[in-house]
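Chemist: Just model29.cif, nothing more (mmCIF, C-alpha atoms; chains and numbers go by the auth columns):
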```cif
data_protein
loop_
_atom_site.group_PDB
_atom_site.id
_atom_site.type_symbol
_atom_site.label_atom_id
_atom_site.label_comp_id
_atom_site.label_asym_id
_atom_site.label_seq_id
_atom_site.Cartn_x
_atom_site.Cartn_y
_atom_site.Cartn_z
_atom_site.B_iso_or_equiv
_atom_site.auth_seq_id
_atom_site.auth_asym_id
ATOM 1 C CA MET A 1 -62.058 13.143 -59.148 0.00 1 A
ATOM 2 C CA ARG A 2 -63.659 9.784 -58.302 0.00 2 A
ATOM 3 C CA VAL A 3 -66.622 10.369 -56.007 0.00 3 A
ATOM 4 C CA ILE A 4 -69.088 7.899 -54.567 0.00 4 A
ATOM 5 C CA ILE A 5 -72.487 9.189 -53.482 0.00 5 A
ATOM 6 C CA GLY A 6 -75.430 7.594 -51.743 0.00 6 A
ATOM 7 C CA SER A 7 -78.701 8.334 -50.006 0.00 7 A
ATOM 8 C CA ASP A 8 -81.743 6.908 -48.390 0.00 8 A
ATOM 9 C CA LYS A 9 -85.280 7.989 -49.336 0.00 9 A
ATOM 10 C CA SER A 10 -85.017 11.277 -47.394 0.00 10 A
ATOM 11 C CA GLY A 11 -81.868 12.303 -49.256 0.00 11 A
ATOM 12 C CA PHE A 12 -82.780 11.026 -52.709 0.00 12 A
ATOM 13 C CA THR A 13 -83.805 14.330 -54.325 0.00 13 A
ATOM 14 C CA LEU A 14 -80.718 16.163 -53.040 0.00 14 A
ATOM 15 C CA LYS A 15 -78.468 13.274 -54.102 0.00 15 A
ATOM 16 C CA GLU A 16 -79.847 13.322 -57.625 0.00 16 A
ATOM 17 C CA ALA A 17 -79.242 17.086 -57.962 0.00 17 A
ATOM 18 C CA ILE A 18 -75.681 16.778 -56.640 0.00 18 A
ATOM 19 C CA LYS A 19 -74.944 13.752 -58.817 0.00 19 A
ATOM 20 C CA ALA A 20 -76.081 15.595 -61.944 0.00 20 A
ATOM 21 C CA HIS A 21 -73.919 18.588 -61.021 0.00 21 A
ATOM 22 C CA LEU A 22 -70.845 16.445 -60.403 0.00 22 A
ATOM 23 C CA LEU A 23 -71.261 14.664 -63.731 0.00 23 A
ATOM 24 C CA GLU A 24 -71.625 18.045 -65.496 0.00 24 A
ATOM 25 C CA GLN A 25 -68.356 19.122 -63.837 0.00 25 A
ATOM 26 C CA GLY A 26 -66.586 16.065 -65.272 0.00 26 A
ATOM 27 C CA HIS A 27 -66.207 14.045 -62.077 0.00 27 A
ATOM 28 C CA GLU A 28 -66.402 10.271 -62.166 0.00 28 A
ATOM 29 C CA VAL A 29 -69.409 9.490 -59.979 0.00 29 A
ATOM 30 C CA GLU A 30 -70.695 6.174 -58.717 0.00 30 A
ATOM 31 C CA ASP A 31 -74.108 5.975 -57.110 0.00 31 A
ATOM 32 C CA GLY A 32 -74.161 3.662 -54.101 0.00 32 A
ATOM 33 C CA GLY A 33 -77.949 3.864 -53.875 0.00 33 A
ATOM 34 C CA THR A 34 -80.799 4.529 -53.421 0.00 34 A
ATOM 35 C CA LEU A 35 -81.138 4.326 -57.192 0.00 35 A
ATOM 36 C CA ASP A 36 -84.870 4.984 -57.430 0.00 36 A
ATOM 37 C CA LEU A 37 -87.768 5.513 -55.085 0.00 37 A
ATOM 38 C CA ASP A 38 -89.234 2.090 -55.890 0.00 38 A
ATOM 39 C CA HIS A 39 -86.172 0.357 -54.373 0.00 39 A
ATOM 40 C CA VAL A 40 -85.282 2.425 -51.315 0.00 40 A
ATOM 41 C CA LYS A 41 -82.254 1.506 -49.206 0.00 41 A
ATOM 42 C CA PRO A 42 -82.238 2.583 -45.543 0.00 42 A
ATOM 43 C CA TYR A 43 -79.397 4.839 -44.370 0.00 43 A
ATOM 44 C CA PHE A 44 -77.460 2.050 -42.641 0.00 44 A
ATOM 45 C CA ILE A 45 -77.405 -0.099 -45.807 0.00 45 A
ATOM 46 C CA THR A 46 -76.301 2.774 -48.057 0.00 46 A
ATOM 47 C CA ALA A 47 -73.616 3.985 -45.652 0.00 47 A
ATOM 48 C CA SER A 48 -72.374 0.395 -45.294 0.00 48 A
ATOM 49 C CA ALA A 49 -72.092 0.120 -49.073 0.00 49 A
ATOM 50 C CA VAL A 50 -70.240 3.425 -49.531 0.00 50 A
ATOM 51 C CA ALA A 51 -67.897 3.675 -46.522 0.00 51 A
ATOM 52 C CA PRO A 52 -65.814 0.529 -47.225 0.00 52 A
ATOM 53 C CA ARG A 53 -65.080 1.820 -50.725 0.00 53 A
ATOM 54 C CA ILE A 54 -63.646 5.001 -49.194 0.00 54 A
ATOM 55 C CA ALA A 55 -61.736 2.978 -46.586 0.00 55 A
ATOM 56 C CA SER A 56 -60.180 0.810 -49.314 0.00 56 A
ATOM 57 C CA GLY A 57 -59.031 3.845 -51.311 0.00 57 A
ATOM 58 C CA GLU A 58 -61.178 2.931 -54.311 0.00 58 A
ATOM 59 C CA PHE A 59 -62.749 6.392 -53.999 0.00 59 A
ATOM 60 C CA THR A 60 -61.096 9.442 -52.429 0.00 60 A
ATOM 61 C CA LYS A 61 -64.267 11.292 -51.466 0.00 61 A
ATOM 62 C CA GLY A 62 -67.808 10.342 -50.613 0.00 62 A
ATOM 63 C CA ILE A 63 -71.114 12.087 -50.077 0.00 63 A
ATOM 64 C CA LEU A 64 -73.921 10.522 -48.058 0.00 64 A
ATOM 65 C CA ILE A 65 -77.365 12.043 -47.621 0.00 65 A
ATOM 66 C CA CYS A 66 -80.169 11.006 -45.274 0.00 66 A
ATOM 67 C CA GLY A 67 -82.789 13.084 -43.468 0.00 67 A
ATOM 68 C CA THR A 68 -80.368 14.912 -41.169 0.00 68 A
ATOM 69 C CA GLY A 69 -76.938 13.585 -42.179 0.00 69 A
ATOM 70 C CA ALA A 70 -76.380 12.171 -38.696 0.00 70 A
ATOM 71 C CA GLY A 71 -77.371 8.549 -39.317 0.00 71 A
ATOM 72 C CA MET A 72 -75.125 8.256 -42.355 0.00 72 A
ATOM 73 C CA ALA A 73 -72.182 9.747 -40.415 0.00 73 A
ATOM 74 C CA ILE A 74 -72.687 7.392 -37.471 0.00 74 A
ATOM 75 C CA VAL A 75 -72.600 4.298 -39.690 0.00 75 A
ATOM 76 C CA ALA A 76 -69.819 5.495 -42.008 0.00 76 A
ATOM 77 C CA ASN A 77 -67.546 6.338 -39.066 0.00 77 A
ATOM 78 C CA LYS A 78 -67.648 2.685 -37.958 0.00 78 A
ATOM 79 C CA TYR A 79 -65.169 1.888 -40.757 0.00 79 A
ATOM 80 C CA LYS A 80 -61.411 2.212 -40.246 0.00 80 A
ATOM 81 C CA GLY A 81 -60.016 5.072 -42.300 0.00 81 A
ATOM 82 C CA VAL A 82 -63.364 6.765 -42.812 0.00 82 A
ATOM 83 C CA TYR A 83 -63.838 10.270 -41.450 0.00 83 A
ATOM 84 C CA ALA A 84 -67.419 11.367 -42.071 0.00 84 A
ATOM 85 C CA MET A 85 -68.822 14.659 -40.865 0.00 85 A
ATOM 86 C CA PRO A 86 -72.382 15.964 -41.020 0.00 86 A
ATOM 87 C CA CYS A 87 -72.408 19.378 -42.692 0.00 87 A
ATOM 88 C CA GLY A 88 -75.205 21.914 -42.636 0.00 88 A
ATOM 89 C CA ASP A 89 -73.633 24.877 -44.429 0.00 89 A
ATOM 90 C CA THR A 90 -70.657 25.985 -46.517 0.00 90 A
ATOM 91 C CA TYR A 91 -68.545 26.709 -43.428 0.00 91 A
ATOM 92 C CA ASP A 92 -68.965 23.101 -42.265 0.00 92 A
ATOM 93 C CA ALA A 93 -68.111 21.849 -45.760 0.00 93 A
ATOM 94 C CA ARG A 94 -64.845 23.788 -45.780 0.00 94 A
ATOM 95 C CA MET A 95 -63.837 23.080 -42.202 0.00 95 A
ATOM 96 C CA CYS A 96 -64.573 19.356 -42.336 0.00 96 A
ATOM 97 C CA ARG A 97 -61.792 19.185 -44.915 0.00 97 A
ATOM 98 C CA ALA A 98 -59.437 21.916 -43.658 0.00 98 A
ATOM 99 C CA ILE A 99 -59.528 20.895 -39.994 0.00 99 A
ATOM 100 C CA ASN A 100 -60.663 17.263 -39.916 0.00 100 A
ATOM 101 C CA ASP A 101 -59.501 15.950 -43.314 0.00 101 A
ATOM 102 C CA ALA A 102 -62.926 14.319 -43.679 0.00 102 A
ATOM 103 C CA ASN A 103 -63.252 11.999 -46.647 0.00 103 A
ATOM 104 C CA ILE A 104 -67.048 11.740 -46.478 0.00 104 A
ATOM 105 C CA MET A 105 -69.418 14.652 -46.138 0.00 105 A
ATOM 106 C CA THR A 106 -72.929 13.836 -44.939 0.00 106 A
ATOM 107 C CA MET A 107 -75.929 16.100 -45.401 0.00 107 A
ATOM 108 C CA GLY A 108 -79.587 16.260 -44.500 0.00 108 A
ATOM 109 C CA GLY A 109 -82.065 16.077 -47.331 0.00 109 A
ATOM 110 C CA TRP A 110 -84.713 17.526 -44.994 0.00 110 A
ATOM 111 C CA LYS A 111 -82.556 20.569 -44.275 0.00 111 A
ATOM 112 C CA ILE A 112 -80.567 21.495 -47.371 0.00 112 A
ATOM 113 C CA ALA A 113 -81.861 22.870 -50.661 0.00 113 A
ATOM 114 C CA PRO A 114 -80.209 21.522 -53.823 0.00 114 A
ATOM 115 C CA GLU A 115 -78.500 24.842 -54.623 0.00 115 A
ATOM 116 C CA LEU A 116 -76.843 24.951 -51.202 0.00 116 A
ATOM 117 C CA GLY A 117 -75.973 21.255 -51.329 0.00 117 A
ATOM 118 C CA ILE A 118 -74.217 21.721 -54.672 0.00 118 A
ATOM 119 C CA GLU A 119 -72.246 24.677 -53.327 0.00 119 A
ATOM 120 C CA MET A 120 -71.271 22.665 -50.246 0.00 120 A
ATOM 121 C CA VAL A 121 -70.083 19.734 -52.364 0.00 121 A
ATOM 122 C CA ASP A 122 -67.966 22.019 -54.555 0.00 122 A
ATOM 123 C CA ILE A 123 -66.296 23.423 -51.437 0.00 123 A
ATOM 124 C CA PHE A 124 -65.821 19.973 -49.907 0.00 124 A
ATOM 125 C CA LEU A 125 -64.162 18.634 -53.050 0.00 125 A
ATOM 126 C CA SER A 126 -61.898 21.643 -53.601 0.00 126 A
ATOM 127 C CA THR A 127 -60.607 22.165 -50.048 0.00 127 A
ATOM 128 C CA ASP A 128 -57.375 20.487 -48.917 0.00 128 A
ATOM 129 C CA PHE A 129 -56.424 19.474 -45.398 0.00 129 A
ATOM 130 C CA THR A 130 -55.177 22.578 -43.474 0.00 130 A
ATOM 131 C CA GLN A 131 -55.906 24.846 -46.467 0.00 131 A
ATOM 132 C CA GLY A 132 -56.135 28.519 -45.499 0.00 132 A
ATOM 133 C CA LEU A 133 -55.161 27.991 -41.877 0.00 133 A
ATOM 134 C CA GLU A 134 -52.355 29.681 -39.956 0.00 134 A
ATOM 135 C CA PRO A 135 -48.987 27.850 -40.015 0.00 135 A
ATOM 136 C CA TRP A 136 -49.133 27.040 -36.295 0.00 136 A
ATOM 137 C CA ARG A 137 -52.603 25.526 -36.692 0.00 137 A
ATOM 138 C CA GLN A 138 -51.521 23.545 -39.753 0.00 138 A
ATOM 139 C CA GLU A 139 -48.689 21.967 -37.764 0.00 139 A
ATOM 140 C CA PHE A 140 -50.969 21.242 -34.808 0.00 140 A
ATOM 141 C CA LEU A 141 -53.591 19.589 -37.031 0.00 141 A
ATOM 142 C CA LYS A 142 -51.030 17.473 -38.885 0.00 142 A
ATOM 143 C CA GLY A 143 -49.758 16.218 -35.520 0.00 143 A
ATOM 144 C CA ALA A 144 -53.297 15.621 -34.302 0.00 144 A
ATOM 145 C CA LYS A 145 -54.058 13.601 -37.426 0.00 145 A
ATOM 146 C CA VAL A 146 -51.119 11.316 -36.665 0.00 146 A
ATOM 147 C CA LYS A 147 -52.398 10.825 -33.102 0.00 147 A
ATOM 148 C CA VAL A 148 -55.897 9.999 -34.350 0.00 148 A
ATOM 149 C CA GLU A 149 -54.442 7.457 -36.792 0.00 149 A
ATOM 150 C CA GLU A 150 -52.451 5.872 -33.941 0.00 150 A
ATOM 151 C CA LEU A 151 -55.615 5.676 -31.839 0.00 151 A
ATOM 152 C CA GLU A 152 -57.428 4.115 -34.756 0.00 152 A
ATOM 153 C CA LYS A 153 -54.707 1.420 -35.033 0.00 153 A
ATOM 154 C CA GLU A 154 -55.108 0.638 -31.321 0.00 154 A
ATOM 155 C CA ILE A 155 -58.854 0.261 -31.726 0.00 155 A
ATOM 156 C CA TYR A 156 -58.983 -1.614 -35.021 0.00 156 A
ATOM 157 C CA GLY A 157 -55.581 -3.297 -35.034 0.00 157 A
#
```
Taking this structure as input, can you express it in the form of structure tokens?

Modeler:
Amino acid sequence: MRVIIGSDKSGFTLKEAIKAHLLEQGHEVEDGGTLDLDHVKPYFITASAVAPRIASGEFTKGILICGTGAGMAIVANKYKGVYAMPCGDTYDARMCRAINDANIMTMGGWKIAPELGIEMVDIFLSTDFTQGLEPWRQEFLKGAKVKVEELEKEIYG
């Protein structure tokens, strides 16, 4: 899978651990920055570099890491077609895909140990929209997704 990942200074260590894991698993990974601690990019610059590449379809999934995950999600969600959700545990990682069809998972480098972050990323990347949910909920969520896309067209044109 093609994955783009990025962080600010607060998420750098977690990003590096996740990036190494993804490469070991055979994923194609592009690093949207911060590339080293001597050239730190703030969260709004990194998210603005990564989110458009998800919106364009160049990458199917993205991972953004800042101190809490919130700042990255706020900026990434400004882009049409980007659905970023801050995740703090494995349940969030699964449900952001199964319920919300998120294409970017954000995490907090201040809050998540590398081992947990790696587990969360594996779940995020392997869970499909509506996977494991009851048939009635699957149908509801598919309809809701259409409504959200219609709302997005009204807002963005």

Chemist: Using the chain letters and numbering of this document, enumerate as a list in words the residues selected by the PyMOL selection byres ((chain A and resi 29) around 12).

Modeler: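 Expected selection for the PyMOL selection byres ((chain A and resi 29) around 12) here is Met1, Arg2, Val3, Ile4, Ile5, Gly6, Lys15, Glu16, Ile18, Lys19, Ala20, His21, Leu22, Leu23, Glu24, Gln25, Gly26, His27, Glu28, Glu30, Asp31, Gly32, Gly33, Glu58, Phe59, Thr60, Lys61, Gly62 and Ile63 of chain A.
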
Chemist: Generate the output file for the selected residues, C-alpha atoms, as a PDB file, keeping the file's coordinate frame.

Modeler:
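The file below, result.pdb, is the result:
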```pdb
ATOM      1  CA  MET A   1     -62.058  13.143 -59.148  1.00  0.00           C
ATOM      2  CA  ARG A   2     -63.659   9.784 -58.302  1.00  0.00           C
ATOM      3  CA  VAL A   3     -66.622  10.369 -56.007  1.00  0.00           C
ATOM      4  CA  ILE A   4     -69.088   7.899 -54.567  1.00  0.00           C
ATOM      5  CA  ILE A   5     -72.487   9.189 -53.482  1.00  0.00           C
ATOM      6  CA  GLY A   6     -75.430   7.594 -51.743  1.00  0.00           C
ATOM      7  CA  LYS A  15     -78.468  13.274 -54.102  1.00  0.00           C
ATOM      8  CA  GLU A  16     -79.847  13.322 -57.625  1.00  0.00           C
ATOM      9  CA  ILE A  18     -75.681  16.778 -56.640  1.00  0.00           C
ATOM     10  CA  LYS A  19     -74.944  13.752 -58.817  1.00  0.00           C
ATOM     11  CA  ALA A  20     -76.081  15.595 -61.944  1.00  0.00           C
ATOM     12  CA  HIS A  21     -73.919  18.588 -61.021  1.00  0.00           C
ATOM     13  CA  LEU A  22     -70.845  16.445 -60.403  1.00  0.00           C
ATOM     14  CA  LEU A  23     -71.261  14.664 -63.731  1.00  0.00           C
ATOM     15  CA  GLU A  24     -71.625  18.045 -65.496  1.00  0.00           C
ATOM     16  CA  GLN A  25     -68.356  19.122 -63.837  1.00  0.00           C
ATOM     17  CA  GLY A  26     -66.586  16.065 -65.272  1.00  0.00           C
ATOM     18  CA  HIS A  27     -66.207  14.045 -62.077  1.00  0.00           C
ATOM     19  CA  GLU A  28     -66.402  10.271 -62.166  1.00  0.00           C
ATOM     20  CA  GLU A  30     -70.695   6.174 -58.717  1.00  0.00           C
ATOM     21  CA  ASP A  31     -74.108   5.975 -57.110  1.00  0.00           C
ATOM     22  CA  GLY A  32     -74.161   3.662 -54.101  1.00  0.00           C
ATOM     23  CA  GLY A  33     -77.949   3.864 -53.875  1.00  0.00           C
ATOM     24  CA  GLU A  58     -61.178   2.931 -54.311  1.00  0.00           C
ATOM     25  CA  PHE A  59     -62.749   6.392 -53.999  1.00  0.00           C
ATOM     26  CA  THR A  60     -61.096   9.442 -52.429  1.00  0.00           C
ATOM     27  CA  LYS A  61     -64.267  11.292 -51.466  1.00  0.00           C
ATOM     28  CA  GLY A  62     -67.808  10.342 -50.613  1.00  0.00           C
ATOM     29  CA  ILE A  63     -71.114  12.087 -50.077  1.00  0.00           C
TER      30      ILE A  63
END
```

Chemist: I'd like to see the residues matched by the PyMOL selection byres ((chain A and resi 142) around 12) on this file, and ideally I'd get them as a ChimeraX atom specification.

Modeler: /A:98-101,129-131,133,135-141,143-149

Chemist: Of the residues A:Gly11, A:Gly81, A:Gly132, A:Gly108, which is the one nearest to Arg53 (chain A), using only C-alpha atoms?

Modeler: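 Closest to Arg53 (chain A), using only C-alpha atoms: A:Gly81.
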
Chemist: Apply the PyMOL selection byres ((chain A and resi 8) around 12) to the structure shown and report the selected residues as an mmCIF file with C-alpha atoms, keeping the file's coordinate frame.

Modeler:
```
data_model
loop_
_atom_site.group_PDB
_atom_site.id
_atom_site.type_symbol
_atom_site.label_atom_id
_atom_site.label_comp_id
_atom_site.auth_asym_id
_atom_site.auth_seq_id
_atom_site.Cartn_x
_atom_site.Cartn_y
_atom_site.Cartn_z
ATOM 1 C CA ILE A 5 -72.487 9.189 -53.482
ATOM 2 C CA GLY A 6 -75.430 7.594 -51.743
ATOM 3 C CA SER A 7 -78.701 8.334 -50.006
ATOM 4 C CA LYS A 9 -85.280 7.989 -49.336
ATOM 5 C CA SER A 10 -85.017 11.277 -47.394
ATOM 6 C CA GLY A 11 -81.868 12.303 -49.256
ATOM 7 C CA PHE A 12 -82.780 11.026 -52.709
ATOM 8 C CA THR A 13 -83.805 14.330 -54.325
ATOM 9 C CA LEU A 14 -80.718 16.163 -53.040
ATOM 10 C CA LYS A 15 -78.468 13.274 -54.102
ATOM 11 C CA GLU A 16 -79.847 13.322 -57.625
ATOM 12 C CA ASP A 31 -74.108 5.975 -57.110
ATOM 13 C CA GLY A 32 -74.161 3.662 -54.101
ATOM 14 C CA GLY A 33 -77.949 3.864 -53.875
ATOM 15 C CA THR A 34 -80.799 4.529 -53.421
ATOM 16 C CA LEU A 35 -81.138 4.326 -57.192
ATOM 17 C CA ASP A 36 -84.870 4.984 -57.430
ATOM 18 C CA LEU A 37 -87.768 5.513 -55.085
ATOM 19 C CA ASP A 38 -89.234 2.090 -55.890
ATOM 20 C CA HIS A 39 -86.172 0.357 -54.373
ATOM 21 C CA VAL A 40 -85.282 2.425 -51.315
ATOM 22 C CA LYS A 41 -82.254 1.506 -49.206
ATOM 23 C CA PRO A 42 -82.238 2.583 -45.543
ATOM 24 C CA TYR A 43 -79.397 4.839 -44.370
ATOM 25 C CA PHE A 44 -77.460 2.050 -42.641
ATOM 26 C CA ILE A 45 -77.405 -0.099 -45.807
ATOM 27 C CA THR A 46 -76.301 2.774 -48.057
ATOM 28 C CA ALA A 47 -73.616 3.985 -45.652
ATOM 29 C CA SER A 48 -72.374 0.395 -45.294
ATOM 30 C CA ALA A 49 -72.092 0.120 -49.073
ATOM 31 C CA ILE A 63 -71.114 12.087 -50.077
ATOM 32 C CA LEU A 64 -73.921 10.522 -48.058
ATOM 33 C CA ILE A 65 -77.365 12.043 -47.621
ATOM 34 C CA CYS A 66 -80.169 11.006 -45.274
ATOM 35 C CA GLY A 67 -82.789 13.084 -43.468
ATOM 36 C CA THR A 68 -80.368 14.912 -41.169
ATOM 37 C CA GLY A 69 -76.938 13.585 -42.179
ATOM 38 C CA GLY A 71 -77.371 8.549 -39.317
ATOM 39 C CA MET A 72 -75.125 8.256 -42.355
ATOM 40 C CA THR A 106 -72.929 13.836 -44.939
ATOM 41 C CA MET A 107 -75.929 16.100 -45.401
ATOM 42 C CA GLY A 108 -79.587 16.260 -44.500
ATOM 43 C CA GLY A 109 -82.065 16.077 -47.331
ATOM 44 C CA TRP A 110 -84.713 17.526 -44.994
#
```

Chemist: Please compute the CA of Met120 (chain A)-CA of Tyr79 (chain A) distance, one decimal, in Å.

Modeler: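 So the two atoms, CA of Met120 (chain A) and CA of Tyr79 (chain A), lie 23.6 Å apart.
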
Chemist: Calculate how many Å separate CA of Ile123 (chain A) from CA of Cys87 (chain A), rounding to one decimal.

Modeler: 11.4 Å

Chemist: Around all the atoms of region 30-40 of chain A listed in the file, draw an axis-aligned box and extend it by 5 Å on each of the six sides; I want its centre and edge lengths in Å to one decimal, as JSON.

Modeler:
```
{"center_x": -80.0, "center_y": 3.3, "center_z": -55.0, "size_x": 28.5, "size_y": 15.8, "size_z": 17.4}
```

Chemist: So which one's closest to Leu116 (chain A), A:Asp128, A:Asp89, A:Glu154, A:Glu134? Using all atoms listed in the file, please.

Modeler: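 Nearest candidate to Leu116 (chain A) out of A:Asp128, A:Asp89, A:Glu154, A:Glu134: A:Asp89.
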